[in-house]
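Structure data follow from entry-v4.txt (compact mmCIF, N, CA and C atoms):
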# COMPACT_ATOMS: atom_id res chain seq x y z
N MET A 17 -23.08 -25.17 26.24
CA MET A 17 -23.38 -23.77 26.50
C MET A 17 -22.16 -22.90 26.20
N LYS A 18 -20.99 -23.35 26.62
CA LYS A 18 -19.78 -22.58 26.41
C LYS A 18 -19.50 -22.41 24.91
N PHE A 19 -19.67 -23.48 24.14
CA PHE A 19 -19.45 -23.43 22.70
C PHE A 19 -20.45 -22.47 22.05
N THR A 20 -21.70 -22.51 22.46
CA THR A 20 -22.74 -21.63 21.92
C THR A 20 -22.41 -20.17 22.22
N LEU A 21 -21.97 -19.89 23.43
CA LEU A 21 -21.64 -18.53 23.81
C LEU A 21 -20.47 -18.01 22.98
N ILE A 22 -19.46 -18.85 22.76
CA ILE A 22 -18.33 -18.45 21.93
C ILE A 22 -18.79 -18.17 20.51
N PHE A 23 -19.66 -19.02 19.97
CA PHE A 23 -20.18 -18.83 18.63
C PHE A 23 -20.95 -17.52 18.52
N VAL A 24 -21.76 -17.21 19.52
CA VAL A 24 -22.54 -15.98 19.52
C VAL A 24 -21.60 -14.77 19.58
N LEU A 25 -20.58 -14.82 20.43
CA LEU A 25 -19.64 -13.71 20.54
C LEU A 25 -18.88 -13.50 19.23
N ILE A 26 -18.48 -14.59 18.60
CA ILE A 26 -17.79 -14.49 17.31
C ILE A 26 -18.73 -13.90 16.26
N SER A 27 -19.97 -14.35 16.25
CA SER A 27 -20.94 -13.84 15.29
C SER A 27 -21.18 -12.36 15.48
N ILE A 28 -21.32 -11.92 16.71
CA ILE A 28 -21.54 -10.50 17.00
C ILE A 28 -20.33 -9.70 16.55
N THR A 29 -19.15 -10.20 16.81
CA THR A 29 -17.93 -9.51 16.42
C THR A 29 -17.84 -9.37 14.91
N LEU A 30 -18.23 -10.40 14.17
CA LEU A 30 -18.16 -10.36 12.72
C LEU A 30 -19.22 -9.45 12.11
N VAL A 31 -20.36 -9.35 12.73
CA VAL A 31 -21.46 -8.57 12.18
C VAL A 31 -21.32 -7.09 12.51
N GLN A 32 -20.88 -6.77 13.72
CA GLN A 32 -20.77 -5.37 14.12
C GLN A 32 -19.66 -4.68 13.36
N PRO A 33 -19.95 -3.47 12.87
CA PRO A 33 -18.86 -2.72 12.25
C PRO A 33 -17.82 -2.36 13.31
N SER A 34 -16.59 -2.42 12.94
CA SER A 34 -15.53 -2.21 13.92
C SER A 34 -14.54 -1.18 13.41
N LYS A 35 -14.12 -0.30 14.31
CA LYS A 35 -13.09 0.65 13.95
C LYS A 35 -11.76 -0.07 13.71
N ALA A 36 -11.62 -1.25 14.26
CA ALA A 36 -10.39 -2.03 14.06
C ALA A 36 -10.22 -2.41 12.60
N ASN A 37 -11.31 -2.53 11.86
CA ASN A 37 -11.24 -2.89 10.44
C ASN A 37 -10.92 -1.69 9.55
N GLN A 38 -11.03 -0.48 10.08
CA GLN A 38 -10.82 0.72 9.26
C GLN A 38 -9.42 0.81 8.65
N PRO A 39 -8.36 0.53 9.41
CA PRO A 39 -7.04 0.58 8.78
C PRO A 39 -6.93 -0.38 7.59
N TYR A 40 -7.53 -1.56 7.72
CA TYR A 40 -7.50 -2.53 6.62
C TYR A 40 -8.25 -1.98 5.41
N LYS A 41 -9.41 -1.38 5.64
CA LYS A 41 -10.18 -0.78 4.55
C LYS A 41 -9.38 0.35 3.90
N ASN A 42 -8.74 1.16 4.73
CA ASN A 42 -7.91 2.26 4.19
C ASN A 42 -6.74 1.73 3.37
N MET A 43 -6.18 0.60 3.81
CA MET A 43 -5.07 0.01 3.07
C MET A 43 -5.56 -0.50 1.71
N LEU A 44 -6.72 -1.11 1.69
CA LEU A 44 -7.27 -1.57 0.42
C LEU A 44 -7.50 -0.40 -0.53
N GLU A 45 -8.01 0.70 0.01
CA GLU A 45 -8.23 1.90 -0.81
C GLU A 45 -6.90 2.44 -1.34
N ALA A 46 -5.87 2.45 -0.50
CA ALA A 46 -4.56 2.92 -0.94
C ALA A 46 -3.99 2.01 -2.03
N GLU A 47 -4.16 0.72 -1.87
CA GLU A 47 -3.67 -0.23 -2.88
C GLU A 47 -4.42 -0.04 -4.20
N GLN A 48 -5.72 0.21 -4.12
CA GLN A 48 -6.51 0.45 -5.33
C GLN A 48 -6.08 1.74 -6.00
N ALA A 49 -5.81 2.77 -5.21
CA ALA A 49 -5.35 4.05 -5.76
C ALA A 49 -3.99 3.88 -6.44
N LEU A 50 -3.13 3.11 -5.84
CA LEU A 50 -1.82 2.83 -6.43
C LEU A 50 -1.98 2.10 -7.76
N ALA A 51 -2.84 1.10 -7.78
CA ALA A 51 -3.09 0.34 -9.01
C ALA A 51 -3.65 1.26 -10.10
N GLN A 52 -4.50 2.19 -9.72
CA GLN A 52 -5.09 3.12 -10.69
C GLN A 52 -4.01 4.05 -11.29
N VAL A 53 -3.13 4.57 -10.46
CA VAL A 53 -2.05 5.44 -10.96
C VAL A 53 -1.14 4.64 -11.88
N LEU A 54 -0.80 3.43 -11.48
CA LEU A 54 0.05 2.59 -12.34
C LEU A 54 -0.64 2.31 -13.68
N GLN A 55 -1.94 2.09 -13.65
CA GLN A 55 -2.69 1.86 -14.89
C GLN A 55 -2.68 3.10 -15.78
N GLU A 56 -2.86 4.27 -15.17
CA GLU A 56 -2.82 5.53 -15.94
C GLU A 56 -1.46 5.70 -16.61
N ILE A 57 -0.41 5.39 -15.88
CA ILE A 57 0.94 5.50 -16.44
C ILE A 57 1.11 4.52 -17.59
N GLN A 58 0.65 3.29 -17.40
CA GLN A 58 0.80 2.28 -18.44
C GLN A 58 0.05 2.66 -19.71
N VAL A 59 -1.11 3.29 -19.56
CA VAL A 59 -1.87 3.73 -20.73
C VAL A 59 -1.14 4.87 -21.43
N LYS A 60 -0.70 5.86 -20.67
CA LYS A 60 -0.05 7.03 -21.26
C LYS A 60 1.27 6.67 -21.94
N TYR A 61 1.99 5.70 -21.38
CA TYR A 61 3.31 5.34 -21.88
C TYR A 61 3.31 3.98 -22.60
N ALA A 62 2.16 3.59 -23.12
CA ALA A 62 2.00 2.27 -23.74
C ALA A 62 3.04 2.00 -24.83
N SER A 63 3.44 3.02 -25.56
CA SER A 63 4.38 2.81 -26.65
C SER A 63 5.84 2.85 -26.19
N ASP A 64 6.07 3.19 -24.95
CA ASP A 64 7.45 3.30 -24.43
C ASP A 64 7.77 2.05 -23.61
N THR A 65 8.11 0.98 -24.30
CA THR A 65 8.33 -0.30 -23.62
C THR A 65 9.52 -0.28 -22.67
N LEU A 66 10.55 0.48 -23.01
CA LEU A 66 11.70 0.57 -22.12
C LEU A 66 11.30 1.23 -20.79
N PHE A 67 10.56 2.32 -20.88
CA PHE A 67 10.09 2.98 -19.67
C PHE A 67 9.22 2.03 -18.83
N LEU A 68 8.28 1.33 -19.48
CA LEU A 68 7.40 0.42 -18.74
C LEU A 68 8.18 -0.70 -18.08
N LYS A 69 9.22 -1.17 -18.74
CA LYS A 69 10.07 -2.20 -18.15
C LYS A 69 10.74 -1.66 -16.89
N LYS A 70 11.23 -0.43 -16.96
CA LYS A 70 11.88 0.21 -15.81
C LYS A 70 10.86 0.50 -14.70
N LEU A 71 9.65 0.87 -15.08
CA LEU A 71 8.59 1.10 -14.10
C LEU A 71 8.27 -0.20 -13.34
N ASP A 72 8.15 -1.29 -14.08
CA ASP A 72 7.89 -2.59 -13.44
C ASP A 72 9.00 -2.96 -12.46
N ALA A 73 10.24 -2.75 -12.87
CA ALA A 73 11.38 -3.05 -12.00
C ALA A 73 11.35 -2.15 -10.76
N SER A 74 11.05 -0.88 -10.97
CA SER A 74 10.97 0.07 -9.86
C SER A 74 9.88 -0.34 -8.87
N GLN A 75 8.75 -0.74 -9.40
CA GLN A 75 7.63 -1.12 -8.52
C GLN A 75 7.96 -2.38 -7.73
N ALA A 76 8.61 -3.34 -8.36
CA ALA A 76 8.99 -4.57 -7.67
C ALA A 76 9.98 -4.27 -6.54
N ILE A 77 10.95 -3.42 -6.83
CA ILE A 77 11.93 -3.05 -5.81
C ILE A 77 11.27 -2.26 -4.69
N TRP A 78 10.33 -1.38 -5.04
CA TRP A 78 9.63 -0.60 -4.02
C TRP A 78 8.83 -1.52 -3.09
N LEU A 79 8.17 -2.53 -3.65
CA LEU A 79 7.42 -3.47 -2.81
C LEU A 79 8.36 -4.20 -1.84
N ASP A 80 9.52 -4.59 -2.33
CA ASP A 80 10.52 -5.23 -1.46
C ASP A 80 10.98 -4.24 -0.38
N TYR A 81 11.25 -3.01 -0.79
CA TYR A 81 11.68 -1.97 0.16
C TYR A 81 10.63 -1.76 1.25
N ARG A 82 9.38 -1.69 0.85
CA ARG A 82 8.29 -1.49 1.81
C ARG A 82 8.25 -2.63 2.83
N ALA A 83 8.41 -3.84 2.36
CA ALA A 83 8.39 -5.00 3.26
C ALA A 83 9.57 -4.98 4.22
N VAL A 84 10.75 -4.63 3.71
CA VAL A 84 11.95 -4.60 4.55
C VAL A 84 11.87 -3.46 5.57
N GLU A 85 11.30 -2.34 5.18
CA GLU A 85 11.11 -1.24 6.13
C GLU A 85 10.24 -1.68 7.31
N LEU A 86 9.20 -2.43 7.01
CA LEU A 86 8.35 -2.95 8.09
C LEU A 86 9.13 -3.91 8.98
N GLU A 87 9.93 -4.75 8.37
CA GLU A 87 10.74 -5.69 9.15
C GLU A 87 11.76 -4.96 10.01
N MET A 88 12.28 -3.86 9.51
CA MET A 88 13.24 -3.09 10.29
C MET A 88 12.56 -2.47 11.50
N GLN A 89 11.35 -1.97 11.30
CA GLN A 89 10.64 -1.33 12.41
C GLN A 89 10.15 -2.36 13.43
N PHE A 90 9.77 -3.52 12.93
CA PHE A 90 9.27 -4.60 13.81
C PHE A 90 10.08 -5.87 13.51
N PRO A 91 11.32 -5.95 14.01
CA PRO A 91 12.22 -7.03 13.60
C PRO A 91 11.93 -8.41 14.21
N GLU A 92 11.25 -8.46 15.32
CA GLU A 92 11.03 -9.75 16.00
C GLU A 92 10.14 -10.65 15.16
N GLU A 93 10.43 -11.96 15.21
CA GLU A 93 9.64 -12.93 14.45
C GLU A 93 8.20 -13.03 14.95
N ASP A 94 8.03 -13.15 16.26
CA ASP A 94 6.69 -13.25 16.84
C ASP A 94 6.19 -11.84 17.14
N LYS A 95 5.64 -11.23 16.13
CA LYS A 95 5.28 -9.82 16.20
C LYS A 95 4.19 -9.54 17.23
N LEU A 96 3.18 -10.39 17.29
CA LEU A 96 2.10 -10.15 18.26
C LEU A 96 2.61 -10.26 19.69
N PHE A 97 3.50 -11.19 19.94
CA PHE A 97 4.05 -11.35 21.28
C PHE A 97 4.88 -10.13 21.67
N HIS A 98 5.73 -9.68 20.77
CA HIS A 98 6.66 -8.60 21.09
C HIS A 98 6.05 -7.20 21.00
N TYR A 99 5.10 -7.01 20.09
CA TYR A 99 4.58 -5.66 19.86
C TYR A 99 3.12 -5.50 20.25
N GLY A 100 2.50 -6.58 20.63
CA GLY A 100 1.13 -6.51 21.11
C GLY A 100 0.09 -6.57 20.01
N THR A 101 -1.15 -6.51 20.45
CA THR A 101 -2.26 -6.65 19.50
C THR A 101 -2.41 -5.45 18.59
N ALA A 102 -1.83 -4.33 18.95
CA ALA A 102 -1.90 -3.15 18.08
C ALA A 102 -0.99 -3.27 16.87
N PHE A 103 -0.13 -4.29 16.86
CA PHE A 103 0.81 -4.44 15.74
C PHE A 103 0.10 -4.44 14.40
N LYS A 104 -1.00 -5.16 14.28
CA LYS A 104 -1.69 -5.26 12.99
C LYS A 104 -2.14 -3.89 12.51
N GLN A 105 -2.68 -3.08 13.42
CA GLN A 105 -3.10 -1.73 13.03
C GLN A 105 -1.89 -0.86 12.70
N CYS A 106 -0.86 -0.95 13.52
CA CYS A 106 0.35 -0.16 13.26
C CYS A 106 0.93 -0.52 11.89
N ARG A 107 0.94 -1.78 11.58
CA ARG A 107 1.43 -2.26 10.29
C ARG A 107 0.64 -1.62 9.16
N MET A 108 -0.69 -1.61 9.31
CA MET A 108 -1.55 -1.03 8.28
C MET A 108 -1.27 0.47 8.12
N TYR A 109 -1.13 1.18 9.24
CA TYR A 109 -0.87 2.62 9.18
C TYR A 109 0.44 2.91 8.45
N ILE A 110 1.45 2.11 8.72
CA ILE A 110 2.75 2.31 8.06
C ILE A 110 2.63 2.00 6.57
N LEU A 111 1.95 0.91 6.23
CA LEU A 111 1.77 0.55 4.82
C LEU A 111 0.97 1.63 4.08
N ILE A 112 -0.06 2.15 4.73
CA ILE A 112 -0.86 3.22 4.11
C ILE A 112 0.00 4.44 3.86
N ASP A 113 0.80 4.82 4.84
CA ASP A 113 1.66 5.99 4.70
C ASP A 113 2.65 5.80 3.56
N MET A 114 3.32 4.66 3.52
CA MET A 114 4.31 4.42 2.48
C MET A 114 3.65 4.35 1.10
N THR A 115 2.48 3.73 1.02
CA THR A 115 1.78 3.60 -0.25
C THR A 115 1.31 4.97 -0.73
N SER A 116 0.83 5.80 0.17
CA SER A 116 0.40 7.15 -0.19
C SER A 116 1.56 7.97 -0.75
N LYS A 117 2.72 7.82 -0.15
CA LYS A 117 3.90 8.53 -0.64
C LYS A 117 4.31 8.02 -2.02
N ARG A 118 4.18 6.72 -2.24
CA ARG A 118 4.51 6.15 -3.56
C ARG A 118 3.54 6.68 -4.61
N ILE A 119 2.26 6.77 -4.26
CA ILE A 119 1.25 7.29 -5.19
C ILE A 119 1.60 8.72 -5.59
N GLU A 120 1.92 9.56 -4.61
CA GLU A 120 2.27 10.95 -4.90
C GLU A 120 3.48 11.03 -5.82
N LYS A 121 4.45 10.19 -5.58
CA LYS A 121 5.66 10.17 -6.43
C LYS A 121 5.29 9.78 -7.87
N LEU A 122 4.47 8.74 -8.02
CA LEU A 122 4.12 8.25 -9.35
C LEU A 122 3.18 9.17 -10.11
N LYS A 123 2.42 9.98 -9.41
CA LYS A 123 1.48 10.89 -10.08
C LYS A 123 2.18 11.88 -11.00
N ALA A 124 3.47 12.05 -10.85
CA ALA A 124 4.21 12.96 -11.72
C ALA A 124 4.22 12.47 -13.17
N TRP A 125 4.05 11.18 -13.40
CA TRP A 125 4.11 10.65 -14.76
C TRP A 125 2.81 10.85 -15.53
N PRO A 126 1.65 10.55 -14.98
CA PRO A 126 0.44 10.82 -15.77
C PRO A 126 0.08 12.31 -15.85
N THR A 127 0.67 13.13 -14.98
CA THR A 127 0.42 14.57 -14.98
C THR A 127 1.28 15.22 -16.06
N PRO A 128 0.71 16.14 -16.83
CA PRO A 128 1.52 16.81 -17.85
C PRO A 128 2.72 17.53 -17.21
N TYR A 129 3.85 17.44 -17.88
CA TYR A 129 5.06 18.04 -17.32
C TYR A 129 5.11 19.54 -17.61
N ILE A 130 5.98 20.21 -16.92
CA ILE A 130 6.15 21.65 -17.09
C ILE A 130 7.13 21.88 -18.23
N GLU A 131 6.69 22.63 -19.21
CA GLU A 131 7.53 22.95 -20.38
C GLU A 131 8.79 23.68 -19.92
N GLY A 132 9.91 23.24 -20.41
CA GLY A 132 11.17 23.90 -20.11
C GLY A 132 11.91 23.31 -18.92
N ASP A 133 11.28 22.39 -18.17
CA ASP A 133 11.96 21.76 -17.03
C ASP A 133 12.91 20.70 -17.60
N ILE A 134 14.19 20.95 -17.50
CA ILE A 134 15.17 20.05 -18.11
C ILE A 134 15.38 18.76 -17.34
N CYS A 135 14.77 18.65 -16.16
CA CYS A 135 14.94 17.45 -15.32
C CYS A 135 13.74 16.50 -15.39
N ASN A 136 12.88 16.67 -16.37
CA ASN A 136 11.69 15.82 -16.49
C ASN A 136 12.02 14.38 -16.84
N GLY A 137 13.10 14.15 -17.51
CA GLY A 137 13.46 12.79 -17.89
C GLY A 137 12.37 12.14 -18.72
N SER A 138 11.79 11.06 -18.22
CA SER A 138 10.79 10.30 -18.96
C SER A 138 9.38 10.87 -18.85
N LYS A 139 9.19 11.88 -18.04
CA LYS A 139 7.86 12.48 -17.87
C LYS A 139 7.46 13.22 -19.13
N LYS A 140 6.23 12.96 -19.59
CA LYS A 140 5.73 13.59 -20.82
C LYS A 140 4.69 14.63 -20.48
Mind turning the file's structure into structure tokens?
Amino acid sequence: MKFTLIFVLISITLVQPSKANQPYKNMLEAEQALAQVLQEIQVKYASDTLFLKKLDASQAIWLDYRAVELEMQFPEEDKLFHYGTAFKQCRMYILIDMTSKRIEKLKAWPTPYIEGDICNGSKK
């Protein structure tokens, strides 16, 4: 009986929509948006291999930076023990925020630049 009850509770939890899953869904959407912006940049700058190489390096370093920022905010190894069950949601909120800021930064490349701005660098 106990095993059946646990199975039923798990099944109900998996079937019912949960607000707890929303941060995860939002994170997936942010990751997809980031991938889309990166794809737009790669298409627009397809002939500029040096720029694309630097973009790849920048993205790799940014991913490392994002991970280290999370570790700085939540340094303990046993995160659930030290920060509680809300840690997973907090982690998602921070990742979403950082990813959204990265997207905004990268959108400057697929967007046409302002004529006469001498600081555009690689932006076309």
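Counting from atom C of Asn37 (chain A), the distance to atom N of Glu87 (chain A) is 21.1 Å.
Pairwise distance (atom N of Pro91 (chain A), CA of Ile119 (chain A)) equals 25.4 Å.
Across the model, the gap from CA of Arg82 (chain A) to CA of Leu111 (chain A) is 7.5 Å.
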If you take every atom of region 127-140 of chain A that the file lists and fit an axis-aligned box around them with 4 Å extra on each side, what centre and edge lengths come out in Å to one decimal, as AutoDock Vina command-line options?
--center_x 7.9 --center_y 17.1 --center_z -17.9 --size_x 23.0 --size_y 21.6 --size_z 13.8
Q: Using DSSP on the backbone, list every residue of region 37-134 of chain A that comes out as helix (DSSP H, G or I), and give them as number ranges by chain.
A: A: 37-60, 65-89, 95-99, 103-122
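Omitting Ile110 (chain A) and its sequence neighbours fewer than 6 positions away, and counting all atoms listed in the file, the residues within 8 Å are A:Leu86, A:Lys104, A:Ser116.
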Q | Top pick for closest residue to Ser138 (chain A), considering A:Thr115, A:Phe67, A:His98, A:Gln48 and counting only N, CA and C atoms | A | A:Phe67
(Q) For a quick check of understanding, using all atoms listed in the file, which of A:Asp80, A:Glu47, A:Glu85, A:Glu56 has the smallest distance to Thr127 (chain A)? (A) A:Glu56
Q: Please identify all polymer residues within 9 Å of Pro39 (chain A), counting only C-alpha atoms, omitting same-chain residues fewer than 2 positions from it, and present them as a ChimeraX atom specification.
A: /A:35-37,41-44,104-106,108-109,112
Q | Shell around Trp125 (chain A) at 8 Å using all atoms listed in the file, local window under 6 positions removed, as a PyMOL selection string | A | chain A and resi 56-57+60-61+138-140
